[in-house]
Amino acid sequence: DVEMQADLRQGFRSRALYYWARMYGAQLGPGMAYAELRPCVVVFILGYSELPSERFHSTFEVQEVHSGDRFSDQLGVHFVELPKLPVRSARPSDEELLEDWGRFFSARGDEELEELAMSNPVMAKAKGALDFLSEQPDVQELARQRELAQHNYITGVRAAEARGEARGKAEGKAEGKAE
């Protein structure tokens, strides 16, 4: 399961585990043995920093707390935190392609995408696919709907905050008068 999450949402880590558990459990059908279960991996590409470490790519598995022995290879949870994307260096890293994907998802314009495309054939192919998709009317409509949904969400959050603030002030005034 690969998911992109732009903003921090309450309960995110619980939701991440729930998605993994649901996907893992959905494999087991009637008459199947547990040994038939395949490993499940979830990858979250985040537009914000979720974890306290400075690592761009963090991997979680089920391990014994003291020895670090792996309990099973059936669970893998990966966090790719775009704000922690390392600055490109002259020497290649073990995660160079993943870092390039991070740059692709974080790009702020065509210039950055073009630079990536010129430096890596995989990124050139990805940019070509993005350019093709961006020209499709139904994809453009989905992008407009997503933008409207974001505006509606932010408007709703701010309205709820204003109502809560007003209620808090009113309760504070009432308590002050009562005292």
# chains A, B, ... in the order shown; residues from 1 in each chain; ligands from 1

call {"tool": "residues_around", "arguments": {"residues": "Leu8 of chain A", "least_positions_apart": "3", "cutoff": "12 Å", "atoms": "only C-alpha atoms", "output": "ChimeraX atom specification"}}
result
/A:4-5,11-13,45-51,81

call {"tool": "write_last_selection", "arguments": {"atoms": "N, CA and C atoms", "output": "PDB file, in the first residue's frame"}}
result
ATOM      1  N   MET A   4       0.103   8.849  -0.098  1.00  0.00           N
ATOM      2  CA  MET A   4       0.698  10.169   0.107  1.00  0.00           C
ATOM      3  C   MET A   4      -0.203  10.935   1.063  1.00  0.00           C
ATOM      4  N   GLN A   5       0.403  11.610   2.012  1.00  0.00           N
ATOM      5  CA  GLN A   5      -0.334  12.380   3.008  1.00  0.00           C
ATOM      6  C   GLN A   5       0.314  13.755   3.068  1.00  0.00           C
ATOM      7  N   GLY A  11      -4.561  10.870  14.664  1.00  0.00           N
ATOM      8  CA  GLY A  11      -4.723   9.428  14.580  1.00  0.00           C
ATOM      9  C   GLY A  11      -4.003   8.793  13.410  1.00  0.00           C
ATOM     10  N   PHE A  12      -3.062   9.507  12.799  1.00  0.00           N
ATOM     11  CA  PHE A  12      -2.407   9.005  11.602  1.00  0.00           C
ATOM     12  C   PHE A  12      -1.709   7.669  11.831  1.00  0.00           C
ATOM     13  N   ARG A  13      -0.954   7.539  12.913  1.00  0.00           N
ATOM     14  CA  ARG A  13      -0.202   6.298  13.127  1.00  0.00           C
ATOM     15  C   ARG A  13      -1.139   5.113  13.339  1.00  0.00           C
ATOM     16  N   ILE A  45       4.302   8.437   2.023  1.00  0.00           N
ATOM     17  CA  ILE A  45       5.100   9.567   1.554  1.00  0.00           C
ATOM     18  C   ILE A  45       4.428  10.793   2.148  1.00  0.00           C
ATOM     19  N   LEU A  46       5.127  11.439   3.069  1.00  0.00           N
ATOM     20  CA  LEU A  46       4.529  12.508   3.868  1.00  0.00           C
ATOM     21  C   LEU A  46       5.061  13.874   3.484  1.00  0.00           C
ATOM     22  N   GLY A  47       4.167  14.834   3.425  1.00  0.00           N
ATOM     23  CA  GLY A  47       4.534  16.213   3.141  1.00  0.00           C
ATOM     24  C   GLY A  47       4.836  16.983   4.407  1.00  0.00           C
ATOM     25  N   TYR A  48       4.995  16.301   5.501  1.00  0.00           N
ATOM     26  CA  TYR A  48       5.287  16.920   6.796  1.00  0.00           C
ATOM     27  C   TYR A  48       6.179  15.968   7.578  1.00  0.00           C
ATOM     28  N   SER A  49       6.724  16.436   8.698  1.00  0.00           N
ATOM     29  CA  SER A  49       7.582  15.596   9.542  1.00  0.00           C
ATOM     30  C   SER A  49       6.717  14.924  10.597  1.00  0.00           C
ATOM     31  N   GLU A  50       6.685  13.614  10.584  1.00  0.00           N
ATOM     32  CA  GLU A  50       5.895  12.815  11.531  1.00  0.00           C
ATOM     33  C   GLU A  50       6.755  12.295  12.673  1.00  0.00           C
ATOM     34  N   LEU A  51       7.977  11.906  12.374  1.00  0.00           N
ATOM     35  CA  LEU A  51       8.838  11.233  13.340  1.00  0.00           C
ATOM     36  C   LEU A  51       9.899  12.182  13.888  1.00  0.00           C
ATOM     37  N   GLU A  81       9.628  11.094   4.572  1.00  0.00           N
ATOM     38  CA  GLU A  81       9.220  12.427   5.008  1.00  0.00           C
ATOM     39  C   GLU A  81       9.892  13.471   4.122  1.00  0.00           C
TER      40      GLU A  81
END

call {"tool": "select_by_dssp", "arguments": {"residues": "segment 13-170 of chain A", "states": "strand (DSSP E)", "output": "VMD selection string"}}
result
chain A and resid 40 to 46 57 to 60 75 to 81

call {"tool": "select_by_dssp", "arguments": {"residues": "segment 28-162 of chain A", "states": "alpha helix (DSSP H)", "output": "compact mmCIF listing (two decimals) with all heavy atoms, in the first residue's frame"}}
result
# COMPACT_ATOMS: atom_id res chain seq x y z
N GLU A 96 19.55 6.86 -3.39
CA GLU A 96 19.53 7.93 -4.38
C GLU A 96 18.23 7.97 -5.18
O GLU A 96 17.65 9.03 -5.40
CB GLU A 96 20.73 7.79 -5.31
CG GLU A 96 20.94 8.99 -6.20
CD GLU A 96 22.25 8.91 -6.95
OE1 GLU A 96 23.29 8.73 -6.32
OE2 GLU A 96 22.20 9.04 -8.19
N LEU A 97 17.75 6.81 -5.64
CA LEU A 97 16.51 6.79 -6.42
C LEU A 97 15.33 7.23 -5.57
O LEU A 97 14.48 8.00 -6.02
CB LEU A 97 16.26 5.40 -7.03
CG LEU A 97 15.03 5.31 -7.94
CD1 LEU A 97 15.09 6.31 -9.09
CD2 LEU A 97 14.88 3.89 -8.48
N LEU A 98 15.28 6.76 -4.32
CA LEU A 98 14.20 7.19 -3.42
C LEU A 98 14.27 8.70 -3.20
O LEU A 98 13.24 9.38 -3.19
CB LEU A 98 14.28 6.44 -2.10
CG LEU A 98 13.20 6.80 -1.06
CD1 LEU A 98 11.80 6.53 -1.61
CD2 LEU A 98 13.44 6.03 0.23
N GLU A 99 15.46 9.22 -3.03
CA GLU A 99 15.63 10.66 -2.86
C GLU A 99 15.17 11.41 -4.11
O GLU A 99 14.54 12.47 -4.01
CB GLU A 99 17.08 11.00 -2.51
CG GLU A 99 17.46 10.53 -1.12
CD GLU A 99 18.95 10.66 -0.83
OE1 GLU A 99 19.69 11.24 -1.64
OE2 GLU A 99 19.36 10.18 0.24
N ASP A 100 15.47 10.85 -5.29
CA ASP A 100 14.99 11.48 -6.53
C ASP A 100 13.46 11.47 -6.58
O ASP A 100 12.84 12.45 -7.00
CB ASP A 100 15.57 10.79 -7.76
CG ASP A 100 16.99 11.27 -8.08
OD1 ASP A 100 17.44 12.26 -7.47
OD2 ASP A 100 17.63 10.64 -8.94
N TRP A 101 12.84 10.37 -6.14
CA TRP A 101 11.37 10.36 -6.08
C TRP A 101 10.87 11.43 -5.09
O TRP A 101 9.87 12.09 -5.34
CB TRP A 101 10.86 8.97 -5.68
CG TRP A 101 10.78 8.03 -6.83
CD1 TRP A 101 11.54 6.93 -7.05
CD2 TRP A 101 9.88 8.13 -7.95
NE1 TRP A 101 11.18 6.33 -8.24
CE2 TRP A 101 10.17 7.05 -8.80
CE3 TRP A 101 8.88 9.02 -8.32
CZ2 TRP A 101 9.48 6.83 -10.00
CZ3 TRP A 101 8.19 8.81 -9.50
CH2 TRP A 101 8.49 7.72 -10.32
N GLY A 102 11.59 11.59 -3.98
CA GLY A 102 11.23 12.65 -3.03
C GLY A 102 11.32 14.02 -3.68
O GLY A 102 10.44 14.86 -3.50
N ARG A 103 12.35 14.24 -4.49
CA ARG A 103 12.48 15.51 -5.20
C ARG A 103 11.37 15.67 -6.24
O ARG A 103 10.85 16.76 -6.45
CB ARG A 103 13.86 15.60 -5.86
CG ARG A 103 14.98 15.81 -4.88
CD ARG A 103 16.36 15.91 -5.54
NE ARG A 103 17.37 15.99 -4.51
CZ ARG A 103 17.89 14.95 -3.88
NH1 ARG A 103 17.56 13.72 -4.23
NH2 ARG A 103 18.79 15.12 -2.92
N PHE A 104 11.00 14.57 -6.88
CA PHE A 104 9.92 14.60 -7.86
C PHE A 104 8.61 15.03 -7.20
O PHE A 104 7.92 15.92 -7.68
CB PHE A 104 9.77 13.20 -8.49
CG PHE A 104 8.75 13.12 -9.59
CD1 PHE A 104 9.09 13.45 -10.89
CD2 PHE A 104 7.45 12.70 -9.33
CE1 PHE A 104 8.15 13.37 -11.92
CE2 PHE A 104 6.51 12.62 -10.34
CZ PHE A 104 6.86 12.96 -11.64
N PHE A 105 8.29 14.40 -6.06
CA PHE A 105 7.03 14.72 -5.37
C PHE A 105 7.06 16.10 -4.73
O PHE A 105 6.01 16.71 -4.51
CB PHE A 105 6.70 13.67 -4.31
CG PHE A 105 6.33 12.33 -4.89
CD1 PHE A 105 6.95 11.18 -4.46
CD2 PHE A 105 5.34 12.22 -5.85
CE1 PHE A 105 6.61 9.94 -4.99
CE2 PHE A 105 4.99 10.99 -6.39
CZ PHE A 105 5.63 9.84 -5.96
N SER A 106 8.26 16.61 -4.41
CA SER A 106 8.39 17.92 -3.77
C SER A 106 8.59 19.06 -4.75
O SER A 106 8.63 20.22 -4.34
CB SER A 106 9.60 17.92 -2.81
OG SER A 106 9.44 16.96 -1.81
N ASP A 110 8.03 23.20 -13.15
CA ASP A 110 8.56 22.45 -14.29
C ASP A 110 10.08 22.46 -14.35
O ASP A 110 10.69 21.49 -14.79
CB ASP A 110 7.99 23.02 -15.60
CG ASP A 110 6.53 22.66 -15.78
OD1 ASP A 110 6.09 21.64 -15.19
OD2 ASP A 110 5.83 23.39 -16.50
N GLU A 111 10.68 23.55 -13.91
CA GLU A 111 12.14 23.66 -13.96
C GLU A 111 12.81 22.57 -13.12
O GLU A 111 13.75 21.90 -13.57
CB GLU A 111 12.57 25.04 -13.46
CG GLU A 111 13.85 25.55 -14.05
CD GLU A 111 14.08 27.00 -13.65
OE1 GLU A 111 13.54 27.90 -14.32
OE2 GLU A 111 14.81 27.20 -12.66
N GLU A 112 12.31 22.36 -11.91
CA GLU A 112 12.86 21.33 -11.04
C GLU A 112 12.63 19.94 -11.63
O GLU A 112 13.51 19.08 -11.58
CB GLU A 112 12.23 21.41 -9.64
CG GLU A 112 12.67 22.60 -8.83
CD GLU A 112 12.01 22.64 -7.46
OE1 GLU A 112 11.89 21.57 -6.82
OE2 GLU A 112 11.60 23.74 -7.04
N LEU A 113 11.45 19.72 -12.19
CA LEU A 113 11.14 18.43 -12.80
C LEU A 113 12.02 18.17 -14.02
O LEU A 113 12.50 17.05 -14.23
CB LEU A 113 9.66 18.36 -13.19
CG LEU A 113 8.67 18.24 -12.03
CD1 LEU A 113 7.24 18.38 -12.54
CD2 LEU A 113 8.86 16.94 -11.28
N GLU A 114 12.25 19.20 -14.80
CA GLU A 114 13.09 19.06 -15.99
C GLU A 114 14.53 18.71 -15.59
O GLU A 114 15.17 17.87 -16.22
CB GLU A 114 13.05 20.35 -16.83
CG GLU A 114 13.63 20.20 -18.20
CD GLU A 114 12.93 19.15 -19.06
OE1 GLU A 114 11.69 19.10 -19.06
OE2 GLU A 114 13.64 18.37 -19.71
N GLU A 115 15.03 19.36 -14.55
CA GLU A 115 16.38 19.08 -14.06
C GLU A 115 16.49 17.61 -13.61
O GLU A 115 17.46 16.93 -13.93
CB GLU A 115 16.71 20.02 -12.90
CG GLU A 115 18.12 19.90 -12.39
CD GLU A 115 18.39 20.89 -11.26
OE1 GLU A 115 17.98 22.06 -11.38
OE2 GLU A 115 19.02 20.46 -10.28
N LEU A 116 15.49 17.13 -12.90
CA LEU A 116 15.47 15.73 -12.48
C LEU A 116 15.44 14.80 -13.69
O LEU A 116 16.14 13.79 -13.73
CB LEU A 116 14.23 15.45 -11.62
CG LEU A 116 14.38 15.54 -10.11
CD1 LEU A 116 13.01 15.39 -9.46
CD2 LEU A 116 15.34 14.52 -9.58
N ALA A 117 14.59 15.13 -14.65
CA ALA A 117 14.43 14.30 -15.84
C ALA A 117 15.75 14.19 -16.60
O ALA A 117 16.06 13.13 -17.16
CB ALA A 117 13.34 14.86 -16.74
N MET A 118 16.52 15.26 -16.63
CA MET A 118 17.79 15.23 -17.35
C MET A 118 18.86 14.43 -16.61
O MET A 118 19.78 13.91 -17.22
CB MET A 118 18.28 16.66 -17.62
CG MET A 118 17.42 17.37 -18.65
SD MET A 118 18.10 18.94 -19.25
CE MET A 118 18.35 19.87 -17.76
N SER A 119 18.70 14.29 -15.29
CA SER A 119 19.72 13.60 -14.51
C SER A 119 19.45 12.12 -14.31
O SER A 119 20.33 11.38 -13.89
CB SER A 119 19.87 14.27 -13.14
OG SER A 119 18.72 14.03 -12.35
N PRO A 121 17.04 8.72 -16.01
CA PRO A 121 16.07 8.22 -16.99
C PRO A 121 14.74 7.78 -16.36
O PRO A 121 13.69 7.91 -16.98
CB PRO A 121 16.77 7.04 -17.65
CG PRO A 121 18.01 6.79 -16.91
CD PRO A 121 18.29 7.95 -16.02
N VAL A 122 14.78 7.30 -15.12
CA VAL A 122 13.53 6.93 -14.44
C VAL A 122 12.68 8.18 -14.20
O VAL A 122 11.46 8.18 -14.41
CB VAL A 122 13.83 6.20 -13.10
CG1 VAL A 122 12.57 5.98 -12.31
CG2 VAL A 122 14.55 4.89 -13.37
N MET A 123 13.33 9.26 -13.80
CA MET A 123 12.62 10.51 -13.56
C MET A 123 12.12 11.11 -14.87
O MET A 123 11.07 11.74 -14.92
CB MET A 123 13.51 11.52 -12.82
CG MET A 123 13.90 11.08 -11.41
SD MET A 123 12.48 10.97 -10.30
CE MET A 123 12.29 9.20 -10.16
N ALA A 124 12.85 10.91 -15.96
CA ALA A 124 12.41 11.38 -17.28
C ALA A 124 11.11 10.68 -17.67
O ALA A 124 10.17 11.31 -18.16
CB ALA A 124 13.49 11.14 -18.33
N LYS A 125 11.06 9.38 -17.41
CA LYS A 125 9.84 8.61 -17.71
C LYS A 125 8.68 9.08 -16.82
O LYS A 125 7.55 9.22 -17.29
CB LYS A 125 10.12 7.12 -17.51
CG LYS A 125 9.04 6.22 -18.00
CD LYS A 125 9.47 4.76 -17.93
CE LYS A 125 8.36 3.87 -18.45
NZ LYS A 125 8.74 2.46 -18.45
N ALA A 126 8.97 9.32 -15.55
CA ALA A 126 7.94 9.78 -14.62
C ALA A 126 7.43 11.16 -15.03
O ALA A 126 6.21 11.42 -14.99
CB ALA A 126 8.49 9.84 -13.20
N LYS A 127 8.32 12.03 -15.44
CA LYS A 127 7.91 13.37 -15.88
C LYS A 127 7.05 13.26 -17.14
O LYS A 127 6.04 13.96 -17.27
CB LYS A 127 9.11 14.28 -16.14
CG LYS A 127 8.68 15.70 -16.53
CD LYS A 127 9.85 16.58 -16.84
CE LYS A 127 9.43 17.99 -17.21
NZ LYS A 127 8.41 18.09 -18.24
N GLY A 128 7.42 12.38 -18.06
CA GLY A 128 6.61 12.17 -19.26
C GLY A 128 5.20 11.69 -18.91
O GLY A 128 4.22 12.17 -19.48
N ALA A 129 5.11 10.78 -17.96
CA ALA A 129 3.79 10.28 -17.53
C ALA A 129 3.00 11.40 -16.87
O ALA A 129 1.79 11.54 -17.11
CB ALA A 129 3.97 9.10 -16.58
N LEU A 130 3.67 12.20 -16.05
CA LEU A 130 2.99 13.32 -15.38
C LEU A 130 2.50 14.34 -16.41
O LEU A 130 1.37 14.83 -16.32
CB LEU A 130 3.93 13.99 -14.38
CG LEU A 130 3.37 15.20 -13.64
CD1 LEU A 130 2.17 14.82 -12.79
CD2 LEU A 130 4.45 15.85 -12.78
N ASP A 131 3.33 14.65 -17.39
CA ASP A 131 2.94 15.60 -18.44
C ASP A 131 1.72 15.07 -19.19
O ASP A 131 0.78 15.82 -19.46
CB ASP A 131 4.10 15.85 -19.41
CG ASP A 131 5.23 16.65 -18.78
OD1 ASP A 131 5.02 17.26 -17.72
OD2 ASP A 131 6.34 16.65 -19.37
N PHE A 132 1.73 13.78 -19.53
CA PHE A 132 0.61 13.17 -20.24
C PHE A 132 -0.67 13.26 -19.40
O PHE A 132 -1.72 13.68 -19.89
CB PHE A 132 0.92 11.72 -20.60
CG PHE A 132 -0.25 10.99 -21.19
CD1 PHE A 132 -0.60 11.20 -22.52
CD2 PHE A 132 -1.00 10.12 -20.43
CE1 PHE A 132 -1.70 10.54 -23.07
CE2 PHE A 132 -2.10 9.46 -20.96
CZ PHE A 132 -2.44 9.67 -22.30
N LEU A 133 -0.56 12.86 -18.13
CA LEU A 133 -1.74 12.89 -17.25
C LEU A 133 -2.27 14.32 -17.07
O LEU A 133 -3.48 14.53 -17.04
CB LEU A 133 -1.40 12.30 -15.88
CG LEU A 133 -1.38 10.79 -15.80
CD1 LEU A 133 -0.87 10.33 -14.44
CD2 LEU A 133 -2.76 10.21 -16.05
N SER A 134 -1.35 15.25 -16.94
CA SER A 134 -1.75 16.65 -16.70
C SER A 134 -2.54 17.24 -17.85
O SER A 134 -3.26 18.22 -17.67
CB SER A 134 -0.51 17.50 -16.43
OG SER A 134 0.14 17.06 -15.26
N PRO A 137 -8.35 16.01 -19.57
CA PRO A 137 -9.41 16.82 -18.96
C PRO A 137 -9.97 16.22 -17.66
O PRO A 137 -10.24 16.96 -16.72
CB PRO A 137 -10.50 16.87 -20.04
CG PRO A 137 -9.78 16.60 -21.32
CD PRO A 137 -8.64 15.69 -20.96
N ASP A 138 -10.13 14.89 -17.60
CA ASP A 138 -10.68 14.29 -16.38
C ASP A 138 -9.71 14.42 -15.21
O ASP A 138 -10.12 14.62 -14.06
CB ASP A 138 -11.09 12.83 -16.60
CG ASP A 138 -9.97 11.96 -17.15
OD1 ASP A 138 -9.06 12.49 -17.81
OD2 ASP A 138 -10.02 10.73 -16.92
N VAL A 139 -8.41 14.37 -15.49
CA VAL A 139 -7.41 14.55 -14.44
C VAL A 139 -7.39 16.01 -13.98
O VAL A 139 -7.27 16.29 -12.79
CB VAL A 139 -6.02 14.09 -14.92
CG1 VAL A 139 -4.94 14.42 -13.91
CG2 VAL A 139 -6.03 12.60 -15.22
N GLN A 140 -7.53 16.93 -14.92
CA GLN A 140 -7.60 18.35 -14.56
C GLN A 140 -8.81 18.61 -13.67
O GLN A 140 -8.72 19.37 -12.71
CB GLN A 140 -7.66 19.20 -15.83
CG GLN A 140 -6.38 19.18 -16.63
CD GLN A 140 -6.50 19.89 -17.97
OE1 GLN A 140 -7.57 20.31 -18.38
NE2 GLN A 140 -5.37 20.00 -18.67
N GLU A 141 -9.93 17.95 -13.99
CA GLU A 141 -11.13 18.12 -13.16
C GLU A 141 -10.91 17.55 -11.76
O GLU A 141 -11.32 18.16 -10.77
CB GLU A 141 -12.34 17.45 -13.83
CG GLU A 141 -13.62 17.56 -13.04
CD GLU A 141 -14.06 18.98 -12.72
OE1 GLU A 141 -13.74 19.92 -13.49
OE2 GLU A 141 -14.74 19.17 -11.69
N LEU A 142 -10.26 16.41 -11.66
CA LEU A 142 -9.95 15.83 -10.35
C LEU A 142 -9.05 16.78 -9.54
O LEU A 142 -9.24 16.95 -8.34
CB LEU A 142 -9.25 14.48 -10.50
CG LEU A 142 -10.13 13.30 -10.84
CD1 LEU A 142 -9.27 12.06 -11.14
CD2 LEU A 142 -11.11 13.00 -9.72
N ALA A 143 -8.09 17.40 -10.20
CA ALA A 143 -7.21 18.35 -9.51
C ALA A 143 -8.01 19.55 -9.00
O ALA A 143 -7.79 20.02 -7.88
CB ALA A 143 -6.09 18.81 -10.45
N ARG A 144 -8.94 20.05 -9.82
CA ARG A 144 -9.79 21.17 -9.38
C ARG A 144 -10.64 20.75 -8.19
O ARG A 144 -10.79 21.51 -7.21
CB ARG A 144 -10.68 21.65 -10.52
CG ARG A 144 -9.98 22.58 -11.50
CD ARG A 144 -10.96 23.25 -12.47
NE ARG A 144 -11.54 22.30 -13.41
CZ ARG A 144 -10.96 21.91 -14.55
NH1 ARG A 144 -9.78 22.40 -14.87
NH2 ARG A 144 -11.55 21.05 -15.34
N GLN A 145 -11.21 19.55 -8.24
CA GLN A 145 -12.05 19.07 -7.13
C GLN A 145 -11.23 18.91 -5.85
O GLN A 145 -11.71 19.25 -4.77
CB GLN A 145 -12.70 17.74 -7.51
CG GLN A 145 -13.79 17.88 -8.54
CD GLN A 145 -14.36 16.53 -8.95
OE1 GLN A 145 -14.10 15.51 -8.33
NE2 GLN A 145 -15.16 16.53 -10.00
N ARG A 146 -10.00 18.42 -5.99
CA ARG A 146 -9.14 18.28 -4.82
C ARG A 146 -8.82 19.64 -4.20
O ARG A 146 -8.84 19.82 -2.99
CB ARG A 146 -7.84 17.56 -5.19
CG ARG A 146 -6.93 17.35 -3.99
CD ARG A 146 -5.65 16.62 -4.37
NE ARG A 146 -4.85 16.34 -3.21
CZ ARG A 146 -4.02 17.21 -2.63
NH1 ARG A 146 -3.89 18.43 -3.12
NH2 ARG A 146 -3.32 16.88 -1.56
N GLU A 147 -8.53 20.61 -5.06
CA GLU A 147 -8.23 21.95 -4.56
C GLU A 147 -9.44 22.55 -3.83
O GLU A 147 -9.31 23.14 -2.76
CB GLU A 147 -7.81 22.85 -5.73
CG GLU A 147 -7.30 24.20 -5.27
CD GLU A 147 -6.76 25.04 -6.42
OE1 GLU A 147 -6.42 24.47 -7.48
OE2 GLU A 147 -6.67 26.26 -6.23
N LEU A 148 -10.62 22.37 -4.41
CA LEU A 148 -11.85 22.85 -3.75
C LEU A 148 -12.06 22.13 -2.42
O LEU A 148 -12.45 22.76 -1.42
CB LEU A 148 -13.06 22.65 -4.66
CG LEU A 148 -13.17 23.62 -5.83
CD1 LEU A 148 -14.32 23.20 -6.75
CD2 LEU A 148 -13.38 25.04 -5.33
N ALA A 149 -11.83 20.82 -2.39
CA ALA A 149 -11.99 20.06 -1.15
C ALA A 149 -11.03 20.57 -0.08
O ALA A 149 -11.40 20.67 1.09
CB ALA A 149 -11.77 18.58 -1.41
N GLN A 150 -9.80 20.92 -0.47
CA GLN A 150 -8.84 21.46 0.49
C GLN A 150 -9.33 22.80 1.04
O GLN A 150 -9.24 23.05 2.24
CB GLN A 150 -7.47 21.64 -0.16
CG GLN A 150 -6.73 20.34 -0.36
CD GLN A 150 -5.39 20.55 -1.05
OE1 GLN A 150 -5.30 21.24 -2.05
NE2 GLN A 150 -4.36 19.94 -0.51
N HIS A 151 -9.84 23.66 0.16
CA HIS A 151 -10.38 24.95 0.62
C HIS A 151 -11.55 24.74 1.57
O HIS A 151 -11.65 25.40 2.61
CB HIS A 151 -10.82 25.81 -0.57
CG HIS A 151 -9.71 26.33 -1.41
ND1 HIS A 151 -8.67 27.08 -0.91
CD2 HIS A 151 -9.47 26.21 -2.74
CE1 HIS A 151 -7.83 27.39 -1.88
NE2 HIS A 151 -8.28 26.87 -3.01
N ASN A 152 -12.44 23.83 1.21
CA ASN A 152 -13.60 23.54 2.07
C ASN A 152 -13.16 22.99 3.42
O ASN A 152 -13.72 23.36 4.46
CB ASN A 152 -14.55 22.56 1.38
CG ASN A 152 -15.26 23.18 0.20
OD1 ASN A 152 -15.38 24.40 0.10
ND2 ASN A 152 -15.71 22.35 -0.72
N TYR A 153 -12.17 22.11 3.41
CA TYR A 153 -11.69 21.53 4.66
C TYR A 153 -11.10 22.62 5.57
O TYR A 153 -11.45 22.72 6.74
CB TYR A 153 -10.63 20.45 4.38
CG TYR A 153 -9.98 19.91 5.63
CD1 TYR A 153 -10.65 19.01 6.44
CD2 TYR A 153 -8.70 20.34 6.00
CE1 TYR A 153 -10.07 18.53 7.60
CE2 TYR A 153 -8.11 19.86 7.16
CZ TYR A 153 -8.79 18.96 7.95
OH TYR A 153 -8.21 18.50 9.10
N ILE A 154 -10.22 23.46 5.01
CA ILE A 154 -9.59 24.53 5.79
C ILE A 154 -10.65 25.50 6.31
O ILE A 154 -10.60 25.94 7.46
CB ILE A 154 -8.53 25.27 4.95
CG1 ILE A 154 -7.36 24.35 4.64
CG2 ILE A 154 -8.05 26.55 5.62
CD1 ILE A 154 -6.59 23.86 5.86
N THR A 155 -11.62 25.82 5.45
CA THR A 155 -12.70 26.72 5.88
C THR A 155 -13.47 26.12 7.05
O THR A 155 -13.77 26.81 8.03
CB THR A 155 -13.64 27.01 4.69
OG1 THR A 155 -12.88 27.64 3.65
CG2 THR A 155 -14.79 27.91 5.10
N GLY A 156 -13.78 24.83 6.97
CA GLY A 156 -14.49 24.15 8.05
C GLY A 156 -13.70 24.11 9.34
O GLY A 156 -14.24 24.34 10.43
N VAL A 157 -12.40 23.84 9.24
CA VAL A 157 -11.54 23.79 10.42
C VAL A 157 -11.49 25.17 11.08
O VAL A 157 -11.63 25.29 12.30
CB VAL A 157 -10.12 23.30 10.06
CG1 VAL A 157 -9.12 23.58 11.17
CG2 VAL A 157 -10.14 21.83 9.71
N ARG A 158 -11.31 26.20 10.27
CA ARG A 158 -11.22 27.56 10.85
C ARG A 158 -12.54 27.99 11.47
O ARG A 158 -12.56 28.65 12.51
CB ARG A 158 -10.77 28.55 9.78
CG ARG A 158 -9.30 28.32 9.43
CD ARG A 158 -8.74 29.36 8.53
NE ARG A 158 -7.34 29.07 8.25
CZ ARG A 158 -6.72 29.44 7.18
NH1 ARG A 158 -7.35 30.16 6.26
NH2 ARG A 158 -5.45 29.14 6.99
N ALA A 159 -13.66 27.59 10.86
CA ALA A 159 -14.97 27.92 11.44
C ALA A 159 -15.15 27.19 12.77
O ALA A 159 -15.65 27.78 13.74
CB ALA A 159 -16.08 27.54 10.46
N ALA A 160 -14.75 25.93 12.84
CA ALA A 160 -14.86 25.17 14.09
C ALA A 160 -13.97 25.78 15.17
O ALA A 160 -14.37 25.88 16.34
CB ALA A 160 -14.48 23.71 13.85
N GLU A 161 -12.77 26.21 14.79
CA GLU A 161 -11.87 26.86 15.75
C GLU A 161 -12.49 28.15 16.27
O GLU A 161 -12.44 28.45 17.47
CB GLU A 161 -10.52 27.16 15.10
CG GLU A 161 -9.67 25.94 14.86
CD GLU A 161 -8.42 26.23 14.04
OE1 GLU A 161 -8.35 27.29 13.37
OE2 GLU A 161 -7.51 25.38 14.04
N ALA A 162 -13.09 28.94 15.39
CA ALA A 162 -13.72 30.20 15.79
C ALA A 162 -14.89 29.94 16.74
O ALA A 162 -15.05 30.66 17.74
CB ALA A 162 -14.18 30.98 14.56

call {"tool": "atom_distance", "arguments": {"atom1": "atom CA of Ala16 of chain A", "atom2": "atom CA of Val42 of chain A"}}
result
7.8 Å
